[in-house]
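> Structure provided below as structure tokens; questions to follow.
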Amino acid sequence: MFKNFDELLSLVKGKTNRVVVPGADNSEVLQAISKADEYGLISGGIFIGPKEKIISNAKKYKVNIDKFELVACDDVPKMCDMAVDFIVQGKGDFLLKGQVDTKFYMKAILNKEKGLVNPGALLSHIVLFESSNYKKLCAITDGAILIAPTLEQKAKIIQSAVDTMRMLGIEKPKVSVICPIEKVNPKVQSTVDAAELAKWSREGKIKNAIVEGPYDIYITFSKEKAAEKGIVGKEVPGEADIILLNDLNTANAVYKTVAFFAAGVKAAAIVVGANVPIILPSRTDDPEVKFNSIALCSLLKEKKGSTCVK
């Protein structure tokens, strides 16, 4: 596993990647693409959206527009449908959300007729964070897709995150199931779910991972604070690679709070569970988040194989 995003960039620099962007007039996206092109992370792709605005913003942020096919479209749902079609047709390697609503972006991706998602697959969202306050990269899930996941869906979210982190080089990721308290309380359903998920991990129902919980944030990221609360002899405290938040309200707030307030934090935001890597940041995420997401998708594309559409 690479130790930080700088190491990730060194692994993917010079790779050939084509990015398809619905709503490509988004300023942060174009800044990220300009930097990605400069670093040799992309070779071209397709921009979809209001053509004149894309050209104007691309010029403003020094994007080499000649490398990209421009497709004029002013209808957001149609932009998203077209973007997925281009991926399915093999004209791009991964998707990057631009100035479009997540609901339309995800609806196009989940369209069964497109075949971007296999039957029975569950898509989920991962934010990979780098912080000077923690010794390694850590993934937060699910901060953008599933509103109130069931116990079974939480297990699938964990498994998808584990499988992704394994592709990035962690053989047996350590997972903390985050709750407000560290003891099982029948009145706090998240703690009941956490204990069950930990049990499923021990039984092998969640594969290639160590899942523990219920843990709060302090226990998750500090052995010392875990010991203060009587949690000793466990593998996850201070070593977590993945944290599972209970629902969209919690996970999305944590993701954006950390990104906004924590000085020096770096992040990448992607969707896992589809046949291609998918970038799903907030429209107003910093360009650096989108740049890092391009780098992460580049590595995942390589690990999965040159084509992921089945």
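The way I read the labels, and the way they are meant: chains A, B, ... in the order of the structure tokens, residue 1 as the first residue of every chain, and ligand 1 as the first ligand shown, with later ones counted on from there.
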Give me, as a PyMOL selection string, all polymer residues having an atom no more than 8 Å from Ser201 (chain A), counting only C-alpha atoms and skipping those fewer than 6 positions away in the same chain.
chain A and resi 207+209-211
> Could you write those residues out with N, CA and C atoms, as a PDB file, in the first residue's frame?

ATOM      1  N   LYS A 207     -15.028 -11.487   4.250  1.00  0.00           N
ATOM      2  CA  LYS A 207     -13.761 -12.158   3.954  1.00  0.00           C
ATOM      3  C   LYS A 207     -12.571 -11.203   3.919  1.00  0.00           C
ATOM      4  N   ALA A 209     -10.713  -9.724   6.113  1.00  0.00           N
ATOM      5  CA  ALA A 209     -10.734  -8.498   6.905  1.00  0.00           C
ATOM      6  C   ALA A 209     -10.814  -8.821   8.394  1.00  0.00           C
ATOM      7  N   ILE A 210     -10.428  -7.848   9.193  1.00  0.00           N
ATOM      8  CA  ILE A 210     -10.638  -7.893  10.639  1.00  0.00           C
ATOM      9  C   ILE A 210     -11.610  -6.774  10.963  1.00  0.00           C
ATOM     10  N   VAL A 211     -12.813  -7.129  11.369  1.00  0.00           N
ATOM     11  CA  VAL A 211     -13.856  -6.145  11.660  1.00  0.00           C
ATOM     12  C   VAL A 211     -14.106  -6.125  13.164  1.00  0.00           C
TER      13      VAL A 211
END
> Show me a table, sorted first by chain and then by increasing residue number, of the residues of region 157-188 of chain A having an atom at most 6 Å from region 236-251 of chain A, each with its shortest atom pair and the distance in Å to one decimal, counting only C-alpha atoms and written as a Markdown table.

| residue | atom | partner | partner_atom | distance |
| --- | --- | --- | --- | --- |
| A:Pro173 | CA | A:Asp241 | CA | 5.7 |
| A:Lys174 | CA | A:Ala240 | CA | 5.1 |
| A:Val175 | CA | A:Ile242 | CA | 4.7 |
| A:Ser176 | CA | A:Ile243 | CA | 4.8 |
| A:Val177 | CA | A:Leu244 | CA | 4.9 |
| A:Ile178 | CA | A:Leu245 | CA | 5.4 |
> Please build the interface table for region 2-43 of chain A against region 130-134 of chain A with a cut-off of 9 Å, listing for each qualifying residue the nearest atom pair and the distance in Å to one decimal; count only C-alpha atoms, order rows by chain and increasing number, and write it as a tab-separated table.

residue	atom	partner	partner_atom	distance
A:Lys3	CA	A:Glu130	CA	8.8
A:Asn4	CA	A:Glu130	CA	6.4
A:Phe5	CA	A:Glu130	CA	7.4
> Quote the spacing between CA of Val127 (chain A) and CA of Ala108 (chain A) in Å to one decimal place.
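Separating CA of Val127 (chain A) from CA of Ala108 (chain A) is a distance of 21.3 Å.
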> Which is closest to Ile126 (chain A) among A:Ala139, A:Ile279, A:Ile42, A:Ala274, if we use only C-alpha atoms?
A:Ala139
> When you look at Gln99 (chain A) with a cut-off of 7 Å (counting only C-alpha atoms), what residues show up, excluding the ones that are within fewer than 3 positions of it in the same chain? I need them as a ChimeraX atom specification.
/A:23-26,283
> Counting only C-alpha atoms, what is within 9 Å of region 179-191 of chain A, bar same-chain residues fewer than 2 positions away, as a tab-separated table (two decimals) with N, CA and C atoms, in the first residue's frame?

chain	number	residue	atom	x	y	z
A	177	VAL	N	-16.18	-0.36	13.01
A	177	VAL	CA	-17.59	0.02	12.84
A	177	VAL	C	-17.88	1.11	13.86
A	193	ASP	N	-25.73	-3.66	15.35
A	193	ASP	CA	-25.21	-4.02	14.03
A	193	ASP	C	-23.70	-4.21	14.07
A	194	ALA	N	-23.01	-3.34	14.79
A	194	ALA	CA	-21.55	-3.42	14.86
A	194	ALA	C	-21.10	-4.76	15.45
A	195	ALA	N	-21.73	-5.16	16.53
A	195	ALA	CA	-21.38	-6.44	17.16
A	195	ALA	C	-21.64	-7.60	16.20
A	196	GLU	N	-22.73	-7.53	15.45
A	196	GLU	CA	-23.06	-8.59	14.50
A	196	GLU	C	-22.06	-8.63	13.34
A	213	GLY	N	-15.91	-3.69	16.57
A	213	GLY	CA	-16.83	-2.64	16.96
A	213	GLY	C	-17.87	-3.20	17.90
A	214	PRO	N	-18.69	-2.35	18.51
A	214	PRO	CA	-18.79	-0.91	18.27
A	214	PRO	C	-17.63	-0.13	18.88
A	215	TYR	N	-17.07	0.78	18.08
A	215	TYR	CA	-16.00	1.67	18.54
A	215	TYR	C	-16.39	3.11	18.21
A	216	ASP	N	-15.95	4.04	19.06
A	216	ASP	CA	-16.10	5.44	18.68
A	216	ASP	C	-14.84	5.88	17.94
A	217	ILE	N	-14.80	7.13	17.52
A	217	ILE	CA	-13.66	7.64	16.75
A	217	ILE	C	-12.38	7.59	17.56
A	219	ILE	N	-11.44	5.54	20.02
A	219	ILE	CA	-10.97	4.15	20.11
A	219	ILE	C	-10.40	3.70	18.77
A	229	LYS	N	-10.58	3.42	27.78
A	229	LYS	CA	-11.98	2.97	27.82
A	229	LYS	C	-12.08	1.46	28.03
A	231	ILE	N	-10.60	-0.96	26.31
A	231	ILE	CA	-10.47	-1.78	25.10
A	231	ILE	C	-8.99	-2.11	24.91
A	245	LEU	N	-19.37	4.11	8.72
A	245	LEU	CA	-20.31	4.97	9.43
A	245	LEU	C	-21.72	4.40	9.27
A	246	ASN	N	-22.59	4.74	10.17
A	246	ASN	CA	-23.89	4.08	10.25
A	246	ASN	C	-24.84	4.39	9.10
> Extract, using only C-alpha atoms, all DNA, RNA and protein residues at most 8 Å from Val12 (chain A), discarding same-chain residues fewer than 3 positions from it, and format them as a list of chain:residue names.
A:Leu8, A:Leu9, A:Lys15, A:Leu41, A:Ala295, A:Ser298, A:Leu299
> Just to confirm, what's the straight-line distance from CA of Phe104 (chain A) to CA of Val76 (chain A) in Å (one decimal)?
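Separation between CA of Phe104 (chain A) and CA of Val76 (chain A): 7.3 Å.
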> Could you check which of A:Ser293, A:Asn57, A:Thr102, A:Ser124 is closest to Pro22 (chain A), using only C-alpha atoms?
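Distance minimum relative to Pro22 (chain A) lands on A:Thr102.
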> Identify all residues of region 97-148 of chain A in helix (DSSP H, G or I) (DSSP on the backbone) and supply them as a ChimeraX atom specification.
/A:102-110
> Residues of the last selection are to be written out with N, CA and C atoms, as a PDB file, in the first residue's frame.

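Final output, part.pdb:
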ATOM      1  N   THR A 102     -25.884  14.376  -8.127  1.00  0.00           N
ATOM      2  CA  THR A 102     -25.524  12.988  -7.856  1.00  0.00           C
ATOM      3  C   THR A 102     -26.658  12.031  -8.222  1.00  0.00           C
ATOM      4  N   LYS A 103     -27.913  12.440  -7.989  1.00  0.00           N
ATOM      5  CA  LYS A 103     -29.036  11.526  -8.249  1.00  0.00           C
ATOM      6  C   LYS A 103     -29.121  11.158  -9.725  1.00  0.00           C
ATOM      7  N   PHE A 104     -28.831  12.099 -10.637  1.00  0.00           N
ATOM      8  CA  PHE A 104     -28.870  11.799 -12.063  1.00  0.00           C
ATOM      9  C   PHE A 104     -27.645  10.986 -12.488  1.00  0.00           C
ATOM     10  N   TYR A 105     -26.526  11.321 -11.913  1.00  0.00           N
ATOM     11  CA  TYR A 105     -25.262  10.596 -12.174  1.00  0.00           C
ATOM     12  C   TYR A 105     -25.412   9.129 -11.785  1.00  0.00           C
ATOM     13  N   MET A 106     -25.917   8.887 -10.572  1.00  0.00           N
ATOM     14  CA  MET A 106     -26.072   7.517 -10.088  1.00  0.00           C
ATOM     15  C   MET A 106     -27.176   6.771 -10.834  1.00  0.00           C
ATOM     16  N   LYS A 107     -28.238   7.467 -11.187  1.00  0.00           N
ATOM     17  CA  LYS A 107     -29.327   6.815 -11.924  1.00  0.00           C
ATOM     18  C   LYS A 107     -28.820   6.283 -13.255  1.00  0.00           C
ATOM     19  N   ALA A 108     -27.999   7.063 -13.933  1.00  0.00           N
ATOM     20  CA  ALA A 108     -27.439   6.621 -15.214  1.00  0.00           C
ATOM     21  C   ALA A 108     -26.504   5.422 -15.018  1.00  0.00           C
ATOM     22  N   ILE A 109     -25.700   5.465 -13.986  1.00  0.00           N
ATOM     23  CA  ILE A 109     -24.759   4.370 -13.704  1.00  0.00           C
ATOM     24  C   ILE A 109     -25.508   3.090 -13.374  1.00  0.00           C
ATOM     25  N   LEU A 110     -26.615   3.216 -12.646  1.00  0.00           N
ATOM     26  CA  LEU A 110     -27.378   2.046 -12.184  1.00  0.00           C
ATOM     27  C   LEU A 110     -28.360   1.515 -13.226  1.00  0.00           C
TER      28      LEU A 110
END
> Give me every strand (DSSP E) residue in region 124-239 of chain A, going by DSSP on the backbone, as a list in words.
Ser124, His125, Ile126, Val127, Leu128, Phe129, Glu130, Cys138, Ala139, Ile140, Thr141, Lys174, Val175, Ser176, Val177, Ile178, Ile210, Val211, Glu212, Gly213, Pro214 and Tyr215 of chain A
> May I have the residues from that selection written out with C-alpha atoms, as a CSV table (one decimal), in the first residue's frame?

chain,number,residue,atom,x,y,z
A,124,SER,CA,-21.0,2.3,-2.3
A,125,HIS,CA,-18.9,5.3,-1.8
A,126,ILE,CA,-15.4,5.5,-0.4
A,127,VAL,CA,-13.3,8.5,0.6
A,128,LEU,CA,-9.6,7.8,1.1
A,129,PHE,CA,-8.0,10.2,3.5
A,130,GLU,CA,-4.5,11.2,4.3
A,138,CYS,CA,-7.8,5.4,5.9
A,139,ALA,CA,-11.1,4.9,4.0
A,140,ILE,CA,-14.4,6.3,5.1
A,141,THR,CA,-17.6,4.6,3.8
A,174,LYS,CA,-8.7,-3.6,9.6
A,175,VAL,CA,-12.2,-2.2,9.8
A,176,SER,CA,-13.8,-0.2,12.6
A,177,VAL,CA,-17.6,0.0,12.8
A,178,ILE,CA,-18.2,3.5,14.2
A,210,ILE,CA,-10.6,-7.9,10.6
A,211,VAL,CA,-13.9,-6.1,11.7
A,212,GLU,CA,-14.3,-4.8,15.2
A,213,GLY,CA,-16.8,-2.6,17.0
A,214,PRO,CA,-18.8,-0.9,18.3
A,215,TYR,CA,-16.0,1.7,18.5
> Pick from A:Leu137, A:Val272, A:Ile157, A:Val29: nearest to Met1 (chain A), with only C-alpha atoms counted?
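Looking only at the distances to Met1 (chain A), the closest residue turns out to be A:Leu137.
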> CA of Ala161 (chain A) and CA of Glu224 (chain A), how far apart in Å?
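Going from CA of Glu224 (chain A) over to CA of Ala161 (chain A), I get 26.2 Å.
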> Tell me, as a list of chain:residue names, which residues lie within 6 Å of region 50-56 of chain A, counting only C-alpha atoms; anything in the same chain fewer than 4 positions away does not count.
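In the requested format, the answer is A:Asp25, A:Ala72, A:Cys73, A:Asp74.
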> When you look at Glu113 (chain A) with a cut-off of 12 Å (counting only C-alpha atoms), what residues show up, excluding the ones that are within fewer than 4 positions of it in the same chain? I need them as a ChimeraX atom specification.
/A:81,84-85,88,107-109,117-119
> Let's have the selection written as a short mmCIF file (atom, residue, chain, number, x, y, z; two decimals), in the first residue's frame, with C-alpha atoms.

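Result went into selection.cif, see below:
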data_model
loop_
_atom_site.label_atom_id
_atom_site.label_comp_id
_atom_site.auth_asym_id
_atom_site.auth_seq_id
_atom_site.Cartn_x
_atom_site.Cartn_y
_atom_site.Cartn_z
CA ASP A 81 -26.76 8.92 -19.73
CA VAL A 84 -22.28 6.05 -19.22
CA ASP A 85 -22.89 5.14 -22.88
CA VAL A 88 -19.85 1.13 -22.13
CA LYS A 107 -29.33 6.82 -11.92
CA ALA A 108 -27.44 6.62 -15.21
CA ILE A 109 -24.76 4.37 -13.70
CA VAL A 117 -23.24 -2.65 -12.67
CA ASN A 118 -23.63 -6.42 -12.45
CA PRO A 119 -26.98 -7.85 -11.24
#
> Of the candidates A:Ser27, A:Ser10, A:Asn252, A:Asn17, which shows the shortest atom-to-atom distance to Thr284 (chain A), using only C-alpha atoms?
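Closest candidate: A:Ser27.
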> Using only C-alpha atoms, can you tell me which of A:Gly49, A:Pro287, A:Gly40, A:Pro77 comes closest to Tyr61 (chain A)?
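Counting only C-alpha atoms, the residue closest to Tyr61 (chain A) is A:Pro287.
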